[in-house]
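Engineer: Quick one: this structure, given as structure tokens, is what I'll be asking you about.
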Amino acid sequence: MHRTSAIELRGISKFFPGVIANKDITLNIYAGEIHALLGENGAGKSTLISILAGLHQPDAGTIVIEGMERQLGSPRDSLLSGIGTVFQHVLLAPTLSVIENLMLGGSWRNKLDKEASLSRFNELCSLLAVTIDPEALVGSLSLGQRQQVEIMRALWRGGERVLILDEPTSMLTPQGVVELGHVMKRLRENGVAIVFVTHKLREAYELCDRISVLRNGAFVGQINPDARSNMGEKETIDEIIRMMFDKGGQIDHDADHGGIDATVKSVLGGAQSGPNSLIAKEVSTSALPGECGLSDVSFKVANGEIFGIAGIDGNGQKHLAEVLVGQRDLTFGQIELDGEDITALKASQRRERGFRYLTDDRVGEGIISDHSIATNLVVKSIGEDPYWRYGFTMWRAIFAFARRQIERYDIRTPSERTPIGRLSGGNIQKALFAREIDEEAAIVVLNKPTYGLDLQNIESARDRIREGASRGITTVLISTELEELIDLADRIGVMYQGRMVGVVQAEAGSESRIGSLMTGASLN
Amino acid sequence: MRSQEIKVLRVSELARPAIRIIAPIILALVVGGLILVILGKDPLAYYWYVVKRGLLSWTGFQATLVRAAPLLFVAAGLIVAFRAGIWNLGVDGQFLLAAVLVAAVGSPLNMVIPNWAMIVICFVLAAATGAIWSLIPAYLKANHGINEIITTLMMTFIGISLANVLIKIPFNDPETTVPQTVTLAVEDRLPRMFDTIIHHGVLLGLIAVLFVHFLMTRTSFGLRLQVVGANPRAAIHAGLNVRLLTYVAFGLSAALAGMGGAVEILGVWGTVRADWNPAYGLLVVPLVFLARFHGIGTIAFVLFFAVLMIGGESASRRLGVPTFYVLVLVGLLLMFLAIVEYLDHRWRRATS
């Protein structure tokens with residue numbers, strides 16, 4: 001079969017401090033093909049896309065377009081080379097009309113040429129086979145339509161060669177996904193190469209011709225169109241899961257037929273009793289656009305147990321954590337502690353009962369950057385003994401306490417009065433650990449506790465989690481890293497689109513089972 | 001060697017905030033002086049006159065302290081708001097409405113109750129008026145996330161007009177030709193200190209600023225407000241009731257601004273005339289920023305500014321410079337404050 005390369009990536013590597021984001025990736029993107037790029041969170045997809053979009057420069061390797069080596073030094077270079085990118089979150093001005101948004105990237109020297117823009121707009125409309133009113137305000141369009149406008153903008157400059165779609169279906173309704181599929185097929189017929197990043201394996205199977213898998217920054221395998229046409233759906237998806245997650249273990253096909261309900265029920269039914277046992281019953285939340293809410297999530301965590309929560313980022317983990325610690329209201333269901341309904345307790349009241357929450361949004365909500373480390377260490381207990389007497393702040397005692405914590409948790413800082421925002425990410429996380437896992441902690445919710453840390457800090461954080469559980473702390477550990485979950489957790493609940501789609505015993509070889517649950521592959 | 005290094009570091013650590021505070025003042029004075037030169041006036045003579053009339057002459061000095069009283073209350077209100085991350089730019093409306101109500105009830109009340117009780121009631125009334133006038137912006141901010149810069153400014157416009165309506169219709173003194181409230185007799189106003197014209201409101205203003213400083217830096221309540229101000233999401237994460245704290249911060253800030261109005265009426269004027277609006281609020285905003293919300297620093301800057309206002313008034317008359325020139329200096333001060341802040345920020349980034 002004759003195929004021409006639209007872009008060739010040769011030996012692309014990209015290093016960030018402490019992380020190898022891309023490791024010697026060689027990949028051909030062919031014209032007239034829809035190419036799925038798959039991999040877990042942190043597998044290196046985003047970095048690779050950023051390199052193609054001109055946002056990052058590779059540290060090694062070359063990009064070849066039409067037999068010529070090219071430097072994609074900026075997003076503009078990338079656009080001029082015929083590479084258009086549509087990012088996951090819509091980047092349009094909602095108060096401007098469709099045509100105005102499309103004209104935004106034009107040269108500032110020339111007068112706006114609406115006539116020419118409209119004719120280009122109509123051209124693209126017929127290319128994509130969509131109908132959009134060019135005068136409609138973007139804010140009044142559906143998310144699917146906005147995405148079509150984004151695709152038009154990516155193709156606006158002409159010379160369309162490659163279109164990169166970064167998780168384009170995550171915000172869409174099922175109808176929107178179908179429409180997107182039509183648009184992609186139209187573009188393929190016109191010889192455009194499409195790079196399609198997704199976490200949903202079924203979509204990758206249905207929409208794509210070629211499927212490449214990344215793991216830990218490296219290219220691990222590919223299913224080419226010929227192979228794909230010879231394999232059935234189940235076979236293909238199993239093969240992808242093997243590449244994404246497996247370390248040579250067998251895929252447990254029987255487990256897939258066990259039924260989700262049976263798994264969850266057995267979890268609730270066989271619950272041991274003990275102090276600080278935490279139960280979530282049929283918990284649901286409402287979500288704003290762009291968030292993932294919970295629907296009907298139930299599970300139980302026993303005293304001293306580490307209950308892992310697996311799932312691709314953005315499948316309801318954040319809502320789950322916030323609901324458990326009382327930072328978010330639920331629309332249905334209840335939370336129980338030792339059989340007592342605590343749904344109505346607020347975050348501060350739950351903290352008094354021993355709840356602790358290590359947020360994943362460390363800088364956004366975890367710390368107050370401009371305030372001292374000392375203040376940040378006590379910010380969740382303002383007004384309480386012994387650091388406040390009759391409402392007066394005992395700064396000297398707080399500073400002394402902070403010095404002890406800095407020593408004990410090995411926080412590297414010039415002083416306890418240094419604004420916490422000046423510390424490195426690892427040290428900020430140590431300070432948050434110091435604040436959350438204290439003597440009175442009884443139920444701890446950890447959201448991505450080791451994300452973004454260097455190896456040494458990851459190890460010490462994991463030790464603290466283990467040590468906490470051995471002291472009897474009831475632990476809910478949310479992570480996107482399967483290895484970590486299997487290493488630390490006793491059982492792992494898997495989240496997919498706001499539901500807990502299964503609970504798996506954490507043991508070596510359960511990666512594939514969890515992987516197929518979290519990519520939605522085992523749902524019908 | 002080592003200790004020397006540490007010393008150098010300490011000096012630069014102390015010097016930097018000092019430069020950040022003093023540099024904008026010097027730059028404003030220099031550029032303001034250049035403007036005077038362009039106008040054909042002698043800047044040194046002007047500045048000398050300001051100092052002489054505002055600080056060195058006994059009457060000028062007393063006038064300066066009297067002028068500082070309302071400014072101190074307004075500054076105290078702004079410290080609370082800014083530390084809590086709230087841009088209460090509506091202090092002028094809160095100040096003026098409180099002043100009008102105090103002027104309206106002061107004289108009649110004084111006929112039925114003792115003088116001290118009238119003064120206490122007037123202060124309470126002024127605080128309540130200010131706080132109530134901040135309720136709408138507080139509600140819009142706390143419940144709907146609407147930017148308070150705009151709402152508080154709008155409430156000031158409404159407040160100024162409402163104050164005029166009140167003076168001209170219900171509270172008008174029929175015995176005067178100009179629309180104004182009934183005048184409180186001089187002997188019934190705030191008592192003066194010793195043999196001076198300085199009334200006790202100055203003392204109250206100083207206490208207000210120091211109290212607010214202590215409240216914000218040394219109590220759990222103040223720290224809660226600061227957390228809300230510095231990072232509202234962290235405040236929610238820490239389990240604080242952000243909505244309630246927003247109301248409280250608005251209310252406290254506006255109450256202090258209102259008390260500033262009470263001090264100005266009970267201490268100096270005894271009445272409010274139609275169209276009177278000193279608009280101290282927006283003049284005090286840059287001073288509070290210059291002091292980085294610090295109580296003692298704010299007091300120093302307020303006194304400095306009061307000298308500039310009082311001295312500037314007579315220097316302008318003397319040298320034929322428009323009185324608005326003081327506002328030019330304030331504008332320059334704000335501008336250079338922003339520029340120095342920006343440069344400092346860039347420099348810190350470059351070095352870290």
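The chains in the structure tokens are called A, B, ... from first to last as shown; in each chain the residues are counted from 1, and the ligands are counted from 1 in the order shown.
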What are the residues of chain B lining chain A at 9 Å or less? Count only C-alpha atoms, and put the answer as a list in words.
Structural biologist: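 Written out as asked, the residues are Leu215, Thr217, Arg218, Thr219, Ser220, Phe221, Leu223, Arg224, Val227, Ala230, Asn231, Pro232, Arg233, Ala234, Ala235, Ile236, His237, Ala238, Gly239, Leu240 and Ser352 of chain B.
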Engineer: Can you list every residue in segment 195-385 of chain A that DSSP puts in alpha helix (DSSP H), as number ranges by chain?
Structural biologist: A: 201-207, 225-230, 233-245, 253-256, 260-269, 317-325, 347-352, 373-378
Engineer: What's the 6 Å shell around segment 150-163 of chain A, counting only C-alpha atoms, without same-chain residues fewer than 4 positions away, as a PyMOL selection string?
Structural biologist: chain A and resi 82-85+102+192-194
Engineer: Got a sec to tell me which of segment 144-327 of chain A DSSP assigns to strand (DSSP E), as a ChimeraX atom specification?
Structural biologist: /A:162-166,193-197,210-215,218-223,278-284,297-301,306-310
Engineer: Sorted by chain and rising residue number, list the residues of segment 66-160 of chain B at most 12 Å from segment 297-303 of chain B (counting only C-alpha atoms), each with its closest atom pair and distance in Å to one decimal, as JSON lines.
Structural biologist:
{"residue": "B:Val66", "atom": "CA", "partner": "B:Leu303", "partner_atom": "CA", "distance": 10.2}
{"residue": "B:Arg67", "atom": "CA", "partner": "B:Leu303", "partner_atom": "CA", "distance": 8.8}
{"residue": "B:Ala68", "atom": "CA", "partner": "B:Leu303", "partner_atom": "CA", "distance": 6.2}
{"residue": "B:Ala69", "atom": "CA", "partner": "B:Val302", "partner_atom": "CA", "distance": 9.3}
{"residue": "B:Pro70", "atom": "CA", "partner": "B:Val302", "partner_atom": "CA", "distance": 10.0}
{"residue": "B:Leu71", "atom": "CA", "partner": "B:Val302", "partner_atom": "CA", "distance": 6.7}
{"residue": "B:Leu72", "atom": "CA", "partner": "B:Val302", "partner_atom": "CA", "distance": 6.8}
{"residue": "B:Phe73", "atom": "CA", "partner": "B:Ile299", "partner_atom": "CA", "distance": 10.3}
{"residue": "B:Val74", "atom": "CA", "partner": "B:Val302", "partner_atom": "CA", "distance": 10.1}
{"residue": "B:Ala75", "atom": "CA", "partner": "B:Thr298", "partner_atom": "CA", "distance": 7.2}
{"residue": "B:Ala76", "atom": "CA", "partner": "B:Thr298", "partner_atom": "CA", "distance": 8.6}
{"residue": "B:Gly77", "atom": "CA", "partner": "B:Thr298", "partner_atom": "CA", "distance": 11.6}
{"residue": "B:Leu78", "atom": "CA", "partner": "B:Thr298", "partner_atom": "CA", "distance": 10.3}
{"residue": "B:Ile79", "atom": "CA", "partner": "B:Thr298", "partner_atom": "CA", "distance": 8.7}
Engineer: Using Å and a single decimal, report how far atom CA of Asp313 of chain A sits from atom CA of Gly139 of chain A.
Structural biologist: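 Separation between atom CA of Gly139 of chain A and atom CA of Asp313 of chain A: 26.3 Å.
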Engineer: Would you mind listing what lies within 6 Å of Gln88 of chain A as a list of chain:residue names, with only C-alpha atoms counted and same-chain residues fewer than 2 positions away left out?
Structural biologist: A:Asp166, A:Glu167, A:Pro168
Engineer: Give me the residues near Arg188 of chain A as a ChimeraX atom specification, where near means some atom within 7 Å (using only C-alpha atoms) and where sequence neighbours in that chain fewer than 3 positions away do not count.
Structural biologist: /A:32-34,184-185,191-193
Engineer: Residues as selected, N, CA and C atoms, written as a PDB file, in the first residue's frame, can you do that?
Structural biologist:
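Printed below is part.pdb as written:
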ATOM      1  N   GLY A  32      -3.482  11.298   5.018  1.00  0.00           N
ATOM      2  CA  GLY A  32      -4.728  10.564   4.790  1.00  0.00           C
ATOM      3  C   GLY A  32      -4.964   9.433   5.770  1.00  0.00           C
ATOM      4  N   GLU A  33      -4.418   9.588   6.975  1.00  0.00           N
ATOM      5  CA  GLU A  33      -4.608   8.548   7.975  1.00  0.00           C
ATOM      6  C   GLU A  33      -5.003   9.172   9.298  1.00  0.00           C
ATOM      7  N   ILE A  34      -5.850   8.503  10.037  1.00  0.00           N
ATOM      8  CA  ILE A  34      -6.145   8.948  11.400  1.00  0.00           C
ATOM      9  C   ILE A  34      -5.310   8.084  12.334  1.00  0.00           C
ATOM     10  N   MET A 184     -13.558  14.203  10.916  1.00  0.00           N
ATOM     11  CA  MET A 184     -12.239  13.595  10.768  1.00  0.00           C
ATOM     12  C   MET A 184     -12.148  12.786   9.475  1.00  0.00           C
ATOM     13  N   LYS A 185     -13.244  12.080   9.158  1.00  0.00           N
ATOM     14  CA  LYS A 185     -13.214  11.261   7.940  1.00  0.00           C
ATOM     15  C   LYS A 185     -13.142  12.136   6.696  1.00  0.00           C
ATOM     16  N   GLY A 191      -6.745  13.973   2.367  1.00  0.00           N
ATOM     17  CA  GLY A 191      -5.309  13.769   2.488  1.00  0.00           C
ATOM     18  C   GLY A 191      -4.665  14.358   3.717  1.00  0.00           C
ATOM     19  N   VAL A 192      -5.490  14.815   4.669  1.00  0.00           N
ATOM     20  CA  VAL A 192      -4.910  15.373   5.886  1.00  0.00           C
ATOM     21  C   VAL A 192      -4.544  14.225   6.837  1.00  0.00           C
ATOM     22  N   ALA A 193      -3.382  14.384   7.488  1.00  0.00           N
ATOM     23  CA  ALA A 193      -3.019  13.424   8.525  1.00  0.00           C
ATOM     24  C   ALA A 193      -3.595  13.919   9.846  1.00  0.00           C
TER      25      ALA A 193
END
Engineer: From the set A:Ser277, A:Ser295, A:Ser424, A:Gln505, which residue has the shortest atom-to-atom contact distance to Ala442 of chain A, counting only C-alpha atoms?
Structural biologist: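 Comparing A:Ser277, A:Ser295, A:Ser424, A:Gln505 against Ala442 of chain A, the winner is A:Ser277.
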Engineer: When you look at Ala63 of chain B with a cut-off of 12 Å (counting only C-alpha atoms), what residues show up, excluding the ones that are within fewer than 3 positions of it in the same chain? I need them as JSON, numbers by chain.
Structural biologist: {"B": [53, 54, 55, 56, 57, 58, 59, 60, 66, 67, 68, 69, 196, 197, 198, 199, 202, 267, 268, 303, 306, 307, 308, 309, 310, 311, 313, 314]}
Engineer: Please produce an output containing N, CA and C atoms for each residue in the selection, written as an mmCIF file, in the first residue's frame.
Structural biologist:
data_model
loop_
_atom_site.group_PDB
_atom_site.id
_atom_site.type_symbol
_atom_site.label_atom_id
_atom_site.label_comp_id
_atom_site.auth_asym_id
_atom_site.auth_seq_id
_atom_site.Cartn_x
_atom_site.Cartn_y
_atom_site.Cartn_z
ATOM 1 N N ARG B 53 4.473 75.758 56.293
ATOM 2 C CA ARG B 53 3.082 75.993 56.668
ATOM 3 C C ARG B 53 2.392 74.753 57.204
ATOM 4 N N GLY B 54 2.798 73.587 56.734
ATOM 5 C CA GLY B 54 2.101 72.378 57.148
ATOM 6 C C GLY B 54 2.689 71.767 58.408
ATOM 7 N N LEU B 55 3.954 72.058 58.707
ATOM 8 C CA LEU B 55 4.617 71.333 59.787
ATOM 9 C C LEU B 55 5.259 72.276 60.805
ATOM 10 N N LEU B 56 5.927 73.306 60.305
ATOM 11 C CA LEU B 56 6.774 74.085 61.209
ATOM 12 C C LEU B 56 6.025 75.214 61.913
ATOM 13 N N SER B 57 4.969 75.725 61.288
ATOM 14 C CA SER B 57 4.224 76.763 62.010
ATOM 15 C C SER B 57 3.212 76.100 62.933
ATOM 16 N N TRP B 58 2.962 76.675 64.106
ATOM 17 C CA TRP B 58 2.117 76.052 65.125
ATOM 18 C C TRP B 58 0.689 75.875 64.635
ATOM 19 N N THR B 59 0.108 76.899 64.022
ATOM 20 C CA THR B 59 -1.262 76.761 63.517
ATOM 21 C C THR B 59 -1.307 75.730 62.400
ATOM 22 N N GLY B 60 -0.308 75.779 61.536
ATOM 23 C CA GLY B 60 -0.281 74.824 60.432
ATOM 24 C C GLY B 60 -0.192 73.399 60.962
ATOM 25 N N VAL B 66 -5.446 67.897 62.707
ATOM 26 C CA VAL B 66 -6.907 67.846 62.615
ATOM 27 C C VAL B 66 -7.319 67.198 61.293
ATOM 28 N N ARG B 67 -6.605 67.566 60.227
ATOM 29 C CA ARG B 67 -6.917 66.969 58.925
ATOM 30 C C ARG B 67 -6.647 65.465 58.917
ATOM 31 N N ALA B 68 -5.620 65.049 59.698
ATOM 32 C CA ALA B 68 -5.245 63.631 59.694
ATOM 33 C C ALA B 68 -6.330 62.748 60.298
ATOM 34 N N ALA B 69 -7.162 63.312 61.198
ATOM 35 C CA ALA B 69 -8.123 62.474 61.929
ATOM 36 C C ALA B 69 -9.030 61.652 61.006
ATOM 37 N N THR B 196 -5.294 73.680 72.412
ATOM 38 C CA THR B 196 -5.093 73.679 70.965
ATOM 39 C C THR B 196 -6.438 73.631 70.261
ATOM 40 N N ILE B 197 -6.391 73.632 68.912
ATOM 41 C CA ILE B 197 -7.610 73.385 68.153
ATOM 42 C C ILE B 197 -7.721 71.904 67.792
ATOM 43 N N ILE B 198 -6.756 71.099 68.296
ATOM 44 C CA ILE B 198 -6.746 69.667 67.953
ATOM 45 C C ILE B 198 -7.796 68.944 68.799
ATOM 46 N N HIS B 199 -8.759 68.309 68.129
ATOM 47 C CA HIS B 199 -9.798 67.601 68.879
ATOM 48 C C HIS B 199 -9.381 66.150 69.119
ATOM 49 N N VAL B 202 -8.397 62.939 66.598
ATOM 50 C CA VAL B 202 -7.076 62.531 66.117
ATOM 51 C C VAL B 202 -6.595 61.321 66.892
ATOM 52 N N GLY B 267 -15.892 66.851 64.881
ATOM 53 C CA GLY B 267 -14.659 67.519 65.274
ATOM 54 C C GLY B 267 -14.464 68.870 64.618
ATOM 55 N N VAL B 268 -14.868 69.001 63.355
ATOM 56 C CA VAL B 268 -14.503 70.210 62.607
ATOM 57 C C VAL B 268 -15.705 71.021 62.150
ATOM 58 N N LEU B 303 0.213 61.211 58.000
ATOM 59 C CA LEU B 303 0.695 62.490 58.532
ATOM 60 C C LEU B 303 1.448 63.263 57.448
ATOM 61 N N ALA B 306 -1.044 64.702 55.186
ATOM 62 C CA ALA B 306 -1.791 65.811 55.785
ATOM 63 C C ALA B 306 -0.956 67.092 55.723
ATOM 64 N N VAL B 307 0.350 66.959 55.963
ATOM 65 C CA VAL B 307 1.254 68.113 55.825
ATOM 66 C C VAL B 307 1.167 68.660 54.413
ATOM 67 N N LEU B 308 1.221 67.736 53.453
ATOM 68 C CA LEU B 308 1.179 68.131 52.044
ATOM 69 C C LEU B 308 -0.127 68.855 51.720
ATOM 70 N N MET B 309 -1.228 68.363 52.271
ATOM 71 C CA MET B 309 -2.525 68.982 51.976
ATOM 72 C C MET B 309 -2.619 70.383 52.580
ATOM 73 N N ILE B 310 -2.315 70.460 53.895
ATOM 74 C CA ILE B 310 -2.450 71.748 54.583
ATOM 75 C C ILE B 310 -1.416 72.740 54.042
ATOM 76 N N GLY B 311 -0.147 72.293 53.997
ATOM 77 C CA GLY B 311 0.911 73.178 53.496
ATOM 78 C C GLY B 311 0.678 73.541 52.046
ATOM 79 N N GLU B 313 -2.105 73.843 50.470
ATOM 80 C CA GLU B 313 -3.165 74.835 50.295
ATOM 81 C C GLU B 313 -2.618 76.253 50.416
ATOM 82 N N SER B 314 -1.793 76.481 51.453
ATOM 83 C CA SER B 314 -1.307 77.859 51.588
ATOM 84 C C SER B 314 -0.173 78.160 50.605
#
Engineer: Find the distance between atom CA of Gln145 of chain A and atom CA of Leu48 of chain A and write it in Å to one decimal.
Structural biologist: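 Value for the atom CA of Gln145 of chain A-atom CA of Leu48 of chain A distance: 26.5 Å.
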Engineer: For Thr131 of chain A, which residue among A:Leu345, A:Val183, A:Ala43, A:Met500 is the nearest when counting only C-alpha atoms?
Structural biologist: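 Ranked by minimum distance to Thr131 of chain A, first place goes to A:Val183.
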Engineer: Taking 6 positions as the minimum chain separation for residues in the same chain, which residues sit within 12 Å of Val263 of chain B when counting only C-alpha atoms? Answer as a ChimeraX atom specification.
Structural biologist: /B:66-74,95-96,98-100,102-103,106,119-120,122-124,126-127,189-191,198-205,208,256-257,269-271
Engineer: Using only C-alpha atoms, which residue out of A:Ile373, A:Ile99, A:Leu432, A:Leu446 lies closest to Thr418 of chain A?
Structural biologist: A:Ile373
